[in-house]
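Dumped input.pdb below, it's PDB, C-alpha atoms:
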ATOM      1  CA  MET S 202       0.000   0.000   0.000
ATOM      2  CA  GLY S 203       2.983   2.321   0.391
ATOM      3  CA  ILE S 204       1.749   3.429   3.833
ATOM      4  CA  SER S 205       4.002   3.349   6.886
ATOM      5  CA  ARG S 206       2.577   1.341   9.784
ATOM      6  CA  SER S 207       3.582   4.151  12.131
ATOM      7  CA  SER S 208       1.359   6.571  10.241
ATOM      8  CA  ILE S 209      -1.649   4.373  10.996
ATOM      9  CA  TYR S 210      -1.155   3.331  14.602
ATOM     10  CA  TYR S 211       0.807   6.220  16.113
ATOM     11  CA  GLN S 212      -0.708   9.586  16.968
ATOM     12  CA  PRO S 213       1.829  12.386  17.585
ATOM     13  CA  ALA S 214       1.660  14.457  20.747
ATOM     14  CA  PRO S 215      -0.680  17.389  20.090
ATOM     15  CA  VAL S 216       0.665  20.910  19.869
ATOM     16  CA  SER S 217      -1.264  24.099  20.502
ATOM     17  CA  GLU S 218      -2.700  26.086  17.614
ATOM     18  CA  GLU S 219      -0.263  28.901  18.423
ATOM     19  CA  ASP S 220       2.742  26.551  18.380
ATOM     20  CA  LYS S 221       1.526  25.012  15.122
ATOM     21  CA  LYS S 222       1.509  28.472  13.490
ATOM     22  CA  ILE S 223       5.020  29.140  14.785
ATOM     23  CA  MET S 224       6.226  25.770  13.494
ATOM     24  CA  ASP S 225       4.888  26.598  10.051
ATOM     25  CA  LEU S 226       6.836  29.884  10.140
ATOM     26  CA  ILE S 227       9.968  28.050  11.276
ATOM     27  CA  ASP S 228       9.495  25.678   8.349
ATOM     28  CA  ALA S 229       9.357  28.584   5.882
ATOM     29  CA  ILE S 230      12.404  30.283   7.425
ATOM     30  CA  TYR S 231      14.405  27.081   7.534
ATOM     31  CA  THR S 232      13.463  26.128   3.972
ATOM     32  CA  ASP S 233      14.914  29.426   2.733
ATOM     33  CA  CYS S 234      17.908  29.287   5.100
ATOM     34  CA  PRO S 235      18.664  25.659   6.080
ATOM     35  CA  PHE S 236      21.929  26.803   7.675
ATOM     36  CA  TYR S 237      20.000  28.738  10.354
ATOM     37  CA  GLY S 238      20.035  27.358  13.878
ATOM     38  CA  SER S 239      17.669  28.133  16.748
ATOM     39  CA  ARG S 240      19.361  31.441  17.563
ATOM     40  CA  ARG S 241      18.857  32.953  14.109
ATOM     41  CA  ILE S 242      15.388  31.509  13.692
ATOM     42  CA  LYS S 243      14.369  32.931  17.076
ATOM     43  CA  TYR S 244      15.658  36.329  15.917
ATOM     44  CA  GLU S 245      13.614  36.118  12.689
ATOM     45  CA  LEU S 246      10.483  35.216  14.648
ATOM     46  CA  ASN S 247      11.049  38.124  17.049
ATOM     47  CA  ARG S 248      11.965  40.835  14.561
ATOM     48  CA  THR S 249      10.291  39.891  11.296
ATOM     49  CA  HIS S 250       7.114  38.241  12.586
ATOM     50  CA  GLN S 251       6.797  40.063  15.924
ATOM     51  CA  ILE S 252       6.496  36.795  17.871
ATOM     52  CA  PRO S 253       7.832  37.057  21.456
ATOM     53  CA  ILE S 254       9.439  33.625  21.662
ATOM     54  CA  GLY S 255      12.598  32.599  23.493
ATOM     55  CA  ARG S 256      15.419  30.478  22.144
ATOM     56  CA  GLY S 257      14.520  27.534  24.370
ATOM     57  CA  HIS S 258      10.966  27.339  23.041
ATOM     58  CA  THR S 259      12.263  27.809  19.485
ATOM     59  CA  ARG S 260      14.673  24.913  19.963
ATOM     60  CA  THR S 261      11.918  22.720  21.420
ATOM     61  CA  LEU S 262       9.681  23.350  18.403
ATOM     62  CA  MET S 263      12.557  22.666  16.021
ATOM     63  CA  GLU S 264      13.169  19.354  17.766
ATOM     64  CA  THR S 265       9.486  18.473  17.408
ATOM     65  CA  MET S 266       9.854  19.195  13.700
ATOM     66  CA  GLY S 267      12.869  16.884  13.461
ATOM     67  CA  LEU S 268      15.415  19.644  12.941
ATOM     68  CA  GLU S 269      17.591  18.554  15.837
ATOM     69  CA  ALA S 270      19.124  16.011  13.476
ATOM     70  CA  ILE S 271      20.807  18.837  11.583
ATOM     71  CA  TYR S 272      21.509  21.061  14.560
ATOM     72  CA  PRO S 273      22.208  18.617  17.397
ATOM     73  CA  LYS S 274      22.253  19.993  20.930
ATOM     74  CA  LYS S 275      25.788  20.523  22.203
ATOM     75  CA  LYS S 276      25.052  18.615  25.394
ATOM     76  CA  LEU S 277      24.249  15.450  23.428
ATOM     77  CA  ASN S 278      26.928  12.799  24.035
ATOM     78  CA  LEU S 279      27.000  10.557  20.997
ATOM     79  CA  SER S 280      29.156   7.990  22.762
ATOM     80  CA  SER S 281      27.073   7.699  25.938
ATOM     81  CA  LYS S 282      25.550   4.400  27.023
ATOM     82  CA  ASP S 283      22.109   5.704  26.086
ATOM     83  CA  ASN S 284      23.244   6.253  22.509
ATOM     84  CA  GLU S 285      25.815   3.764  21.252
ATOM     85  CA  ASN S 286      25.027   4.281  17.576
ATOM     86  CA  LYS S 287      28.106   4.442  15.406
ATOM     87  CA  ILE S 288      28.880   7.707  13.614
ATOM     88  CA  TYR S 289      30.415   7.186  10.176
ATOM     89  CA  PRO S 290      32.864   9.589   8.464
ATOM     90  CA  TYR S 291      31.896  11.978   5.657
ATOM     91  CA  LEU S 292      33.130  10.341   2.446
ATOM     92  CA  LEU S 293      32.137  12.895  -0.178
ATOM     93  CA  GLY S 294      34.672  15.688   0.290
ATOM     94  CA  GLY S 295      36.402  16.209  -3.064
ATOM     95  CA  LEU S 296      34.664  13.175  -4.580
ATOM     96  CA  LYS S 297      33.798  13.570  -8.272
ATOM     97  CA  ILE S 298      30.249  12.315  -8.764
ATOM     98  CA  ASN S 299      29.925  11.206 -12.381
ATOM     99  CA  ARG S 300      27.389   8.369 -12.566
ATOM    100  CA  PRO S 301      23.977   7.275 -11.265
ATOM    101  CA  ASN S 302      23.850   5.266  -8.037
ATOM    102  CA  GLN S 303      27.315   6.409  -7.063
ATOM    103  CA  VAL S 304      25.877   8.463  -4.179
ATOM    104  CA  TRP S 305      22.393   8.564  -2.699
ATOM    105  CA  GLY S 306      21.456  11.189  -0.127
ATOM    106  CA  THR S 307      18.634  10.946   2.402
ATOM    107  CA  ASP S 308      16.996  13.291   4.881
ATOM    108  CA  ILE S 309      13.757  13.985   6.768
ATOM    109  CA  THR S 310      11.748  17.194   6.588
ATOM    110  CA  TYR S 311       8.675  18.699   8.259
ATOM    111  CA  VAL S 312       5.478  18.932   6.178
ATOM    112  CA  ARG S 313       2.858  21.397   7.307
ATOM    113  CA  LEU S 314      -0.801  20.399   7.021
ATOM    114  CA  GLU S 315      -4.005  22.273   7.710
ATOM    115  CA  THR S 316      -4.908  19.817  10.475
ATOM    116  CA  GLY S 317      -1.435  19.204  11.897
ATOM    117  CA  PHE S 318       1.866  18.164  10.413
ATOM    118  CA  ALA S 319       3.757  15.174   9.028
ATOM    119  CA  TYR S 320       7.288  14.074   8.221
ATOM    120  CA  LEU S 321       8.688  13.305   4.788
ATOM    121  CA  VAL S 322      11.767  11.189   4.112
ATOM    122  CA  ALA S 323      13.267  10.948   0.651
ATOM    123  CA  ILE S 324      16.271   9.351  -1.009
ATOM    124  CA  ILE S 325      17.772  11.166  -3.992
ATOM    125  CA  ASP S 326      20.456  10.114  -6.454
ATOM    126  CA  TRP S 327      23.012  12.911  -6.373
ATOM    127  CA  PHE S 328      24.170  12.566  -9.986
ATOM    128  CA  SER S 329      20.763  12.637 -11.675
ATOM    129  CA  ARG S 330      18.646  14.283  -8.912
ATOM    130  CA  TYR S 331      16.271  11.322  -9.366
ATOM    131  CA  VAL S 332      14.141  10.603  -6.289
ATOM    132  CA  VAL S 333      14.564   6.856  -5.850
ATOM    133  CA  GLY S 334      12.236   6.637  -2.850
ATOM    134  CA  TRP S 335      10.084   8.597  -0.400
ATOM    135  CA  LYS S 336       7.658   8.026   2.471
ATOM    136  CA  LEU S 337       5.304  10.234   4.472
ATOM    137  CA  SER S 338       4.452   9.626   8.140
ATOM    138  CA  ASN S 339       2.693  11.490  10.947
ATOM    139  CA  SER S 340       5.324  10.278  13.439
ATOM    140  CA  LEU S 341       9.097  10.334  13.722
ATOM    141  CA  GLU S 342       9.290   6.646  14.534
ATOM    142  CA  ILE S 343      11.947   4.947  12.424
ATOM    143  CA  GLU S 344       9.723   2.548  10.465
ATOM    144  CA  PHE S 345       8.940   4.931   7.598
ATOM    145  CA  CYS S 346      12.676   5.527   7.015
ATOM    146  CA  LEU S 347      13.390   1.792   6.946
ATOM    147  CA  GLU S 348      10.521   1.161   4.537
ATOM    148  CA  CYS S 349      11.712   3.985   2.273
ATOM    149  CA  LEU S 350      15.254   2.580   2.140
ATOM    150  CA  GLN S 351      14.136  -1.009   1.601
ATOM    151  CA  GLU S 352      11.780  -0.066  -1.234
ATOM    152  CA  ALA S 353      14.388   2.168  -2.887
ATOM    153  CA  LEU S 354      16.945  -0.648  -2.867
ATOM    154  CA  ALA S 355      14.400  -3.189  -4.095
ATOM    155  CA  ASN S 356      13.228  -0.971  -6.967
ATOM    156  CA  SER S 357      16.632   0.272  -8.120
ATOM    157  CA  ARG S 358      18.345  -1.341 -11.097
ATOM    158  CA  ALA S 359      21.660  -1.127  -9.245
ATOM    159  CA  MET S 360      22.800  -0.779  -5.654
ATOM    160  CA  PRO S 361      24.204   2.620  -4.631
ATOM    161  CA  GLU S 362      27.900   2.727  -3.807
ATOM    162  CA  ILE S 363      27.473   5.281  -0.995
ATOM    163  CA  VAL S 364      24.482   6.500   1.013
ATOM    164  CA  ASN S 365      24.935   9.875   2.720
ATOM    165  CA  SER S 366      22.823  11.261   5.575
ATOM    166  CA  ASP S 367      23.061  13.501   8.612
ATOM    167  CA  GLN S 368      23.871  12.169  12.086
ATOM    168  CA  GLY S 369      20.244  11.938  13.175
ATOM    169  CA  SER S 370      19.188   8.973  15.275
ATOM    170  CA  HIS S 371      17.142   7.476  12.416
ATOM    171  CA  PHE S 372      20.181   7.202  10.154
ATOM    172  CA  THR S 373      22.680   6.132  12.825
ATOM    173  CA  SER S 374      20.322   3.424  14.073
ATOM    174  CA  PRO S 375      21.675  -0.107  13.560
ATOM    175  CA  LYS S 376      18.295  -0.912  11.988
ATOM    176  CA  PHE S 377      19.065   1.577   9.200
ATOM    177  CA  THR S 378      22.828   1.122   8.845
ATOM    178  CA  GLY S 379      22.416  -2.656   9.090
ATOM    179  CA  ILE S 380      20.409  -2.685   5.849
ATOM    180  CA  LEU S 381      23.220  -0.807   4.085
ATOM    181  CA  GLU S 382      25.997  -2.932   5.558
ATOM    182  CA  ALA S 383      24.192  -6.118   4.517
ATOM    183  CA  GLU S 384      24.321  -4.878   0.916
ATOM    184  CA  LYS S 385      27.972  -3.759   1.310
ATOM    185  CA  ILE S 386      26.989  -0.122   0.698
ATOM    186  CA  GLN S 387      29.374   2.500   2.091
ATOM    187  CA  ILE S 388      27.871   4.827   4.710
ATOM    188  CA  SER S 389      28.686   8.541   4.794
ATOM    189  CA  MET S 390      27.450  11.074   7.359
ATOM    190  CA  ASP S 391      27.545  14.872   7.364
ATOM    191  CA  GLY S 392      29.669  16.747   9.855
ATOM    192  CA  ARG S 393      27.787  17.899  12.955
ATOM    193  CA  GLY S 394      25.665  20.955  12.196
ATOM    194  CA  ARG S 395      26.714  21.016   8.526
ATOM    195  CA  CYS S 396      23.499  20.661   6.554
ATOM    196  CA  MET S 397      25.286  21.816   3.381
ATOM    197  CA  ASP S 398      27.143  18.493   3.293
ATOM    198  CA  ASN S 399      23.813  17.101   2.055
ATOM    199  CA  ILE S 400      23.143  20.018  -0.278
ATOM    200  CA  PHE S 401      21.217  18.156  -2.993
ATOM    201  CA  THR S 402      18.644  16.875  -0.511
ATOM    202  CA  GLU S 403      18.270  20.352   0.995
ATOM    203  CA  ARG S 404      17.633  21.738  -2.494
ATOM    204  CA  LEU S 405      15.051  19.010  -3.069
ATOM    205  CA  TRP S 406      13.165  20.048   0.091
ATOM    206  CA  ARG S 407      13.087  23.673  -1.015
ATOM    207  CA  THR S 408      11.773  22.690  -4.458
ATOM    208  CA  VAL S 409       9.107  20.307  -3.132
ATOM    209  CA  LYS S 410       7.819  22.815  -0.587
ATOM    210  CA  GLN S 411       7.779  25.856  -2.840
ATOM    211  CA  GLU S 412       6.360  24.067  -5.897
ATOM    212  CA  ASN S 413       3.910  21.762  -4.163
ATOM    213  CA  ILE S 414       3.357  21.768  -0.392
ATOM    214  CA  TYR S 415       3.025  25.533   0.122
ATOM    215  CA  LEU S 416       0.755  25.866  -2.907
ATOM    216  CA  ASN S 417      -1.681  23.097  -1.980
ATOM    217  CA  SER S 418      -2.318  23.481   1.772
ATOM    218  CA  TYR S 419      -2.981  19.775   2.262
ATOM    219  CA  GLN S 420      -5.634  18.987   4.862
ATOM    220  CA  ASP S 421      -4.202  15.737   6.225
ATOM    221  CA  VAL S 422      -1.633  12.991   5.670
ATOM    222  CA  ALA S 423      -3.789  11.064   3.182
ATOM    223  CA  GLU S 424      -4.306  14.124   0.977
ATOM    224  CA  ALA S 425      -0.635  15.063   1.207
ATOM    225  CA  ARG S 426       0.425  11.536   0.259
ATOM    226  CA  THR S 427      -1.760  11.618  -2.854
ATOM    227  CA  GLY S 428      -0.516  15.066  -3.866
ATOM    228  CA  LEU S 429       3.143  14.238  -3.265
ATOM    229  CA  ASN S 430       2.824  11.015  -5.227
ATOM    230  CA  GLU S 431       1.713  13.068  -8.229
ATOM    231  CA  TYR S 432       4.411  15.674  -7.639
ATOM    232  CA  PHE S 433       7.331  13.248  -7.352
ATOM    233  CA  SER S 434       6.211  11.560 -10.563
ATOM    234  CA  PHE S 435       6.272  14.996 -12.222
ATOM    235  CA  TYR S 436       9.603  15.869 -10.597
ATOM    236  CA  ASP S 437      11.347  12.701 -11.769
ATOM    237  CA  ASN S 438       9.839  12.361 -15.226
ATOM    238  CA  LEU S 439       8.758  15.795 -16.479
ATOM    239  CA  ARG S 440      10.475  18.588 -14.534
ATOM    240  CA  ARG S 441      13.518  19.805 -16.469
ATOM    241  CA  HIS S 442      16.536  20.942 -14.443
ATOM    242  CA  GLN S 443      18.864  23.682 -15.571
ATOM    243  CA  SER S 444      21.730  21.909 -13.785
ATOM    244  CA  LEU S 445      21.002  18.817 -15.928
ATOM    245  CA  ASP S 446      21.138  20.780 -19.190
ATOM    246  CA  TYR S 447      17.323  20.981 -19.120
ATOM    247  CA  ARG S 448      16.859  17.239 -19.040
ATOM    248  CA  THR S 449      14.664  15.438 -16.524
ATOM    249  CA  PRO S 450      16.116  13.392 -13.648
ATOM    250  CA  ALA S 451      14.712  10.192 -15.181
ATOM    251  CA  GLU S 452      16.381  10.920 -18.521
ATOM    252  CA  VAL S 453      19.769  11.418 -16.888
ATOM    253  CA  HIS S 454      19.384   8.566 -14.422
ATOM    254  CA  PHE S 455      18.306   5.820 -16.792
ATOM    255  CA  GLN S 456      20.250   6.973 -19.868
ATOM    256  CA  ASN S 457      23.477   6.865 -17.882
ATOM    257  CA  LEU S 458      22.517   3.552 -16.288
ATOM    258  CA  ARG S 459      22.231   1.983 -19.740
ATOM    259  CA  LYS S 460      25.716   3.229 -20.597
ATOM    260  CA  ASN S 461      27.116   1.526 -17.517
ATOM    261  CA  PHE S 462      25.741  -1.910 -18.425
TER     262      PHE S 462
END
Using the file provided, produce a representation of the structure as structure tokens.
Amino acid sequence: MGISRSSIYYQPAPVSEEDKKIMDLIDAIYTDCPFYGSRRIKYELNRTHQIPIGRGHTRTLMETMGLEAIYPKKKLNLSSKDNENKIYPYLLGGLKINRPNQVWGTDITYVRLETGFAYLVAIIDWFSRYVVGWKLSNSLEIEFCLECLQEALANSRAMPEIVNSDQGSHFTSPKFTGILEAEKIQISMDGRGRCMDNIFTERLWRTVKQENIYLNSYQDVAEARTGLNEYFSFYDNLRRHQSLDYRTPAEVHFQNLRKNF
């Protein structure tokens, strides 16, 4: 069915209507400036939107939105007994990316809805910008990320050589990295607080939100899933990219795959 089990059985903790409005503003600010942390976003909320919010509350809302994966709290001890997940090195510095399935990037983003919010995970091929998989969930439980990865690997004509992500708990989880290690796929992770290490996925989020999510004001997860399914089909197969010499991601992805066989 393409529906995460967590999106059916799990109901996220409710947030107030006021906090929901602030989260939507944070989403817009962060989409334009993904290098902003809680300090700068708090300043934008105070000065630009006249919202009297403190940094602590701003950080709490960002964590609810899943943004703590990109801006981890300094007090977090990644080697503590409560979090023994392995952190992998960043493998892409200076790497020339010249073929499909050489590098996939993955990330999670907040999706605003009229009746709440959801989370979107996607996996994108860096060479062709082709979205090889995506899932939408109304919770941050890990299942929707695992299902996205498993389906992307199952549907791809070739295994990726490297999968790059941030250091969020979903992607450092042995459940996630174990799938990659079983397929002998190299694992790369961004430096702490460096969202630009995963620049192609950040650009994808900006495109998806500005061209689809912000324009449609989806009522709920079901409506958003239907709309995003249509959009990603358009994005992969019809949307021409200037960076691809005005070809579509599918053209570049599958044309180059044929050359490699």
Convert the output of the PyMOL selection byres ((chain S and resi 252) around 12) on the shown file into explicit residues, formatted as a PDB file with C-alpha atoms, in the frame of the given file.
ATOM      1  CA  GLU S 219      -0.263  28.901  18.423  1.00  0.00           C
ATOM      2  CA  ASP S 220       2.742  26.551  18.380  1.00  0.00           C
ATOM      3  CA  LYS S 222       1.509  28.472  13.490  1.00  0.00           C
ATOM      4  CA  ILE S 223       5.020  29.140  14.785  1.00  0.00           C
ATOM      5  CA  MET S 224       6.226  25.770  13.494  1.00  0.00           C
ATOM      6  CA  LEU S 226       6.836  29.884  10.140  1.00  0.00           C
ATOM      7  CA  ILE S 227       9.968  28.050  11.276  1.00  0.00           C
ATOM      8  CA  ILE S 242      15.388  31.509  13.692  1.00  0.00           C
ATOM      9  CA  LYS S 243      14.369  32.931  17.076  1.00  0.00           C
ATOM     10  CA  TYR S 244      15.658  36.329  15.917  1.00  0.00           C
ATOM     11  CA  GLU S 245      13.614  36.118  12.689  1.00  0.00           C
ATOM     12  CA  LEU S 246      10.483  35.216  14.648  1.00  0.00           C
ATOM     13  CA  ASN S 247      11.049  38.124  17.049  1.00  0.00           C
ATOM     14  CA  ARG S 248      11.965  40.835  14.561  1.00  0.00           C
ATOM     15  CA  THR S 249      10.291  39.891  11.296  1.00  0.00           C
ATOM     16  CA  HIS S 250       7.114  38.241  12.586  1.00  0.00           C
ATOM     17  CA  GLN S 251       6.797  40.063  15.924  1.00  0.00           C
ATOM     18  CA  PRO S 253       7.832  37.057  21.456  1.00  0.00           C
ATOM     19  CA  ILE S 254       9.439  33.625  21.662  1.00  0.00           C
ATOM     20  CA  GLY S 255      12.598  32.599  23.493  1.00  0.00           C
ATOM     21  CA  ARG S 256      15.419  30.478  22.144  1.00  0.00           C
ATOM     22  CA  HIS S 258      10.966  27.339  23.041  1.00  0.00           C
ATOM     23  CA  THR S 259      12.263  27.809  19.485  1.00  0.00           C
TER      24      THR S 259
END
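Separating atom CA of S:Asn356 from atom CA of S:Asn302 is a distance of 12.4 Å.
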Contacts of stretch 351-353 of chain S at 10 Å (only C-alpha atoms; same-chain gap of 5+ positions) as a list in words: Gly203, Ala323, Ile324, Ile325, Val332, Val333, Gly334, Trp335, Lys336, Phe345, Cys346, Arg358, Met360, Pro361, Phe377, Ile380 and Leu381 of chain S
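Here atom CA of S:Thr265 and atom CA of S:Asp326 stand 27.6 Å from one another.
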Top pick for closest residue to S:Leu293, considering S:Val216, S:Ile363, S:Pro235, S:Glu315 and counting all atoms listed in the file: S:Ile363
For the structure shown, which residues end up in the PyMOL selection byres ((chain S and resi 291) around 6)? Put them as a PDB file with C-alpha atoms, keeping the file's coordinate frame, please?
ATOM      1  CA  PRO S 290      32.864   9.589   8.464  1.00  0.00           C
ATOM      2  CA  LEU S 292      33.130  10.341   2.446  1.00  0.00           C
ATOM      3  CA  LEU S 293      32.137  12.895  -0.178  1.00  0.00           C
ATOM      4  CA  SER S 389      28.686   8.541   4.794  1.00  0.00           C
ATOM      5  CA  MET S 390      27.450  11.074   7.359  1.00  0.00           C
ATOM      6  CA  ASP S 391      27.545  14.872   7.364  1.00  0.00           C
TER       7      ASP S 391
END
Do a neighbour search on stretch 409-420 of chain S at 6 Å with all atoms listed in the file, toss out local chain neighbours closer than 5 positions, and write the hits as a count of residues only. 4
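Atom CA of S:His442 to atom CA of S:Ser329 spans 9.7 Å [interatomic distance, one decimal].
The smallest atom-to-atom distance between S:Ser357 and any of S:Pro215, S:Gly369, S:Gly294, S:Pro301, using only C-alpha atoms, is found for S:Pro301.
Between S:Asn438 and the residues S:Ile343, S:Leu337, S:Ala451, S:Val364, the shortest atom-to-atom distance, using all atoms listed in the file, involves S:Ala451.
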Restricting the calculation to only C-alpha atoms: of S:Ala383, S:Glu452, S:Trp406, S:Gly317, which residue gets closest to S:Ser217? S:Gly317
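When only C-alpha atoms are used to compute distances to S:Gln443, the closest of the residues S:Asp233, S:Leu354, S:Ile298, S:Arg330 turns out to be S:Arg330.
Proximity ranking of S:Thr408, S:Ser444, S:Asn299, S:Asn399 relative to S:Tyr432 places S:Thr408 first, based on only C-alpha atoms.
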Could you tell me, as number ranges by chain, exactly which residues end up selected when the PyMOL selection byres ((chain S and resi 234) around 12) is applied to this structure? S: 227-233, 235-239, 241-242, 245, 396-397, 400, 403-404, 406-407
Requested write-out: C-alpha atoms of the selected residues, as a PDB file, in the frame of the given file:
ATOM      1  CA  ILE S 227       9.968  28.050  11.276  1.00  0.00           C
ATOM      2  CA  ASP S 228       9.495  25.678   8.349  1.00  0.00           C
ATOM      3  CA  ALA S 229       9.357  28.584   5.882  1.00  0.00           C
ATOM      4  CA  ILE S 230      12.404  30.283   7.425  1.00  0.00           C
ATOM      5  CA  TYR S 231      14.405  27.081   7.534  1.00  0.00           C
ATOM      6  CA  THR S 232      13.463  26.128   3.972  1.00  0.00           C
ATOM      7  CA  ASP S 233      14.914  29.426   2.733  1.00  0.00           C
ATOM      8  CA  PRO S 235      18.664  25.659   6.080  1.00  0.00           C
ATOM      9  CA  PHE S 236      21.929  26.803   7.675  1.00  0.00           C
ATOM     10  CA  TYR S 237      20.000  28.738  10.354  1.00  0.00           C
ATOM     11  CA  GLY S 238      20.035  27.358  13.878  1.00  0.00           C
ATOM     12  CA  SER S 239      17.669  28.133  16.748  1.00  0.00           C
ATOM     13  CA  ARG S 241      18.857  32.953  14.109  1.00  0.00           C
ATOM     14  CA  ILE S 242      15.388  31.509  13.692  1.00  0.00           C
ATOM     15  CA  GLU S 245      13.614  36.118  12.689  1.00  0.00           C
ATOM     16  CA  CYS S 396      23.499  20.661   6.554  1.00  0.00           C
ATOM     17  CA  MET S 397      25.286  21.816   3.381  1.00  0.00           C
ATOM     18  CA  ILE S 400      23.143  20.018  -0.278  1.00  0.00           C
ATOM     19  CA  GLU S 403      18.270  20.352   0.995  1.00  0.00           C
ATOM     20  CA  ARG S 404      17.633  21.738  -2.494  1.00  0.00           C
ATOM     21  CA  TRP S 406      13.165  20.048   0.091  1.00  0.00           C
ATOM     22  CA  ARG S 407      13.087  23.673  -1.015  1.00  0.00           C
TER      23      ARG S 407
END
Excluding S:Thr449 and any residue of its chain fewer than 5 positions from it, enumerate the residues within 8 Å of it, using all atoms listed in the file, and give them as a compact mmCIF listing (two decimals) with C-alpha atoms, in the frame of the given file.
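Dumped everything to out-v9.txt:
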# COMPACT_ATOMS: atom_id res chain seq x y z
CA TYR S 436 9.60 15.87 -10.60
CA ASP S 437 11.35 12.70 -11.77
CA ASN S 438 9.84 12.36 -15.23
CA LEU S 439 8.76 15.80 -16.48
CA ARG S 440 10.48 18.59 -14.53
CA ARG S 441 13.52 19.80 -16.47
CA HIS S 442 16.54 20.94 -14.44
Quick one: everything within 7 Å of S:Ile309, counting all atoms listed in the file, minus sequence neighbours fewer than 2 positions away in the same chain. Send it as JSON, numbers by chain. {"S": [320, 321, 322, 323]}
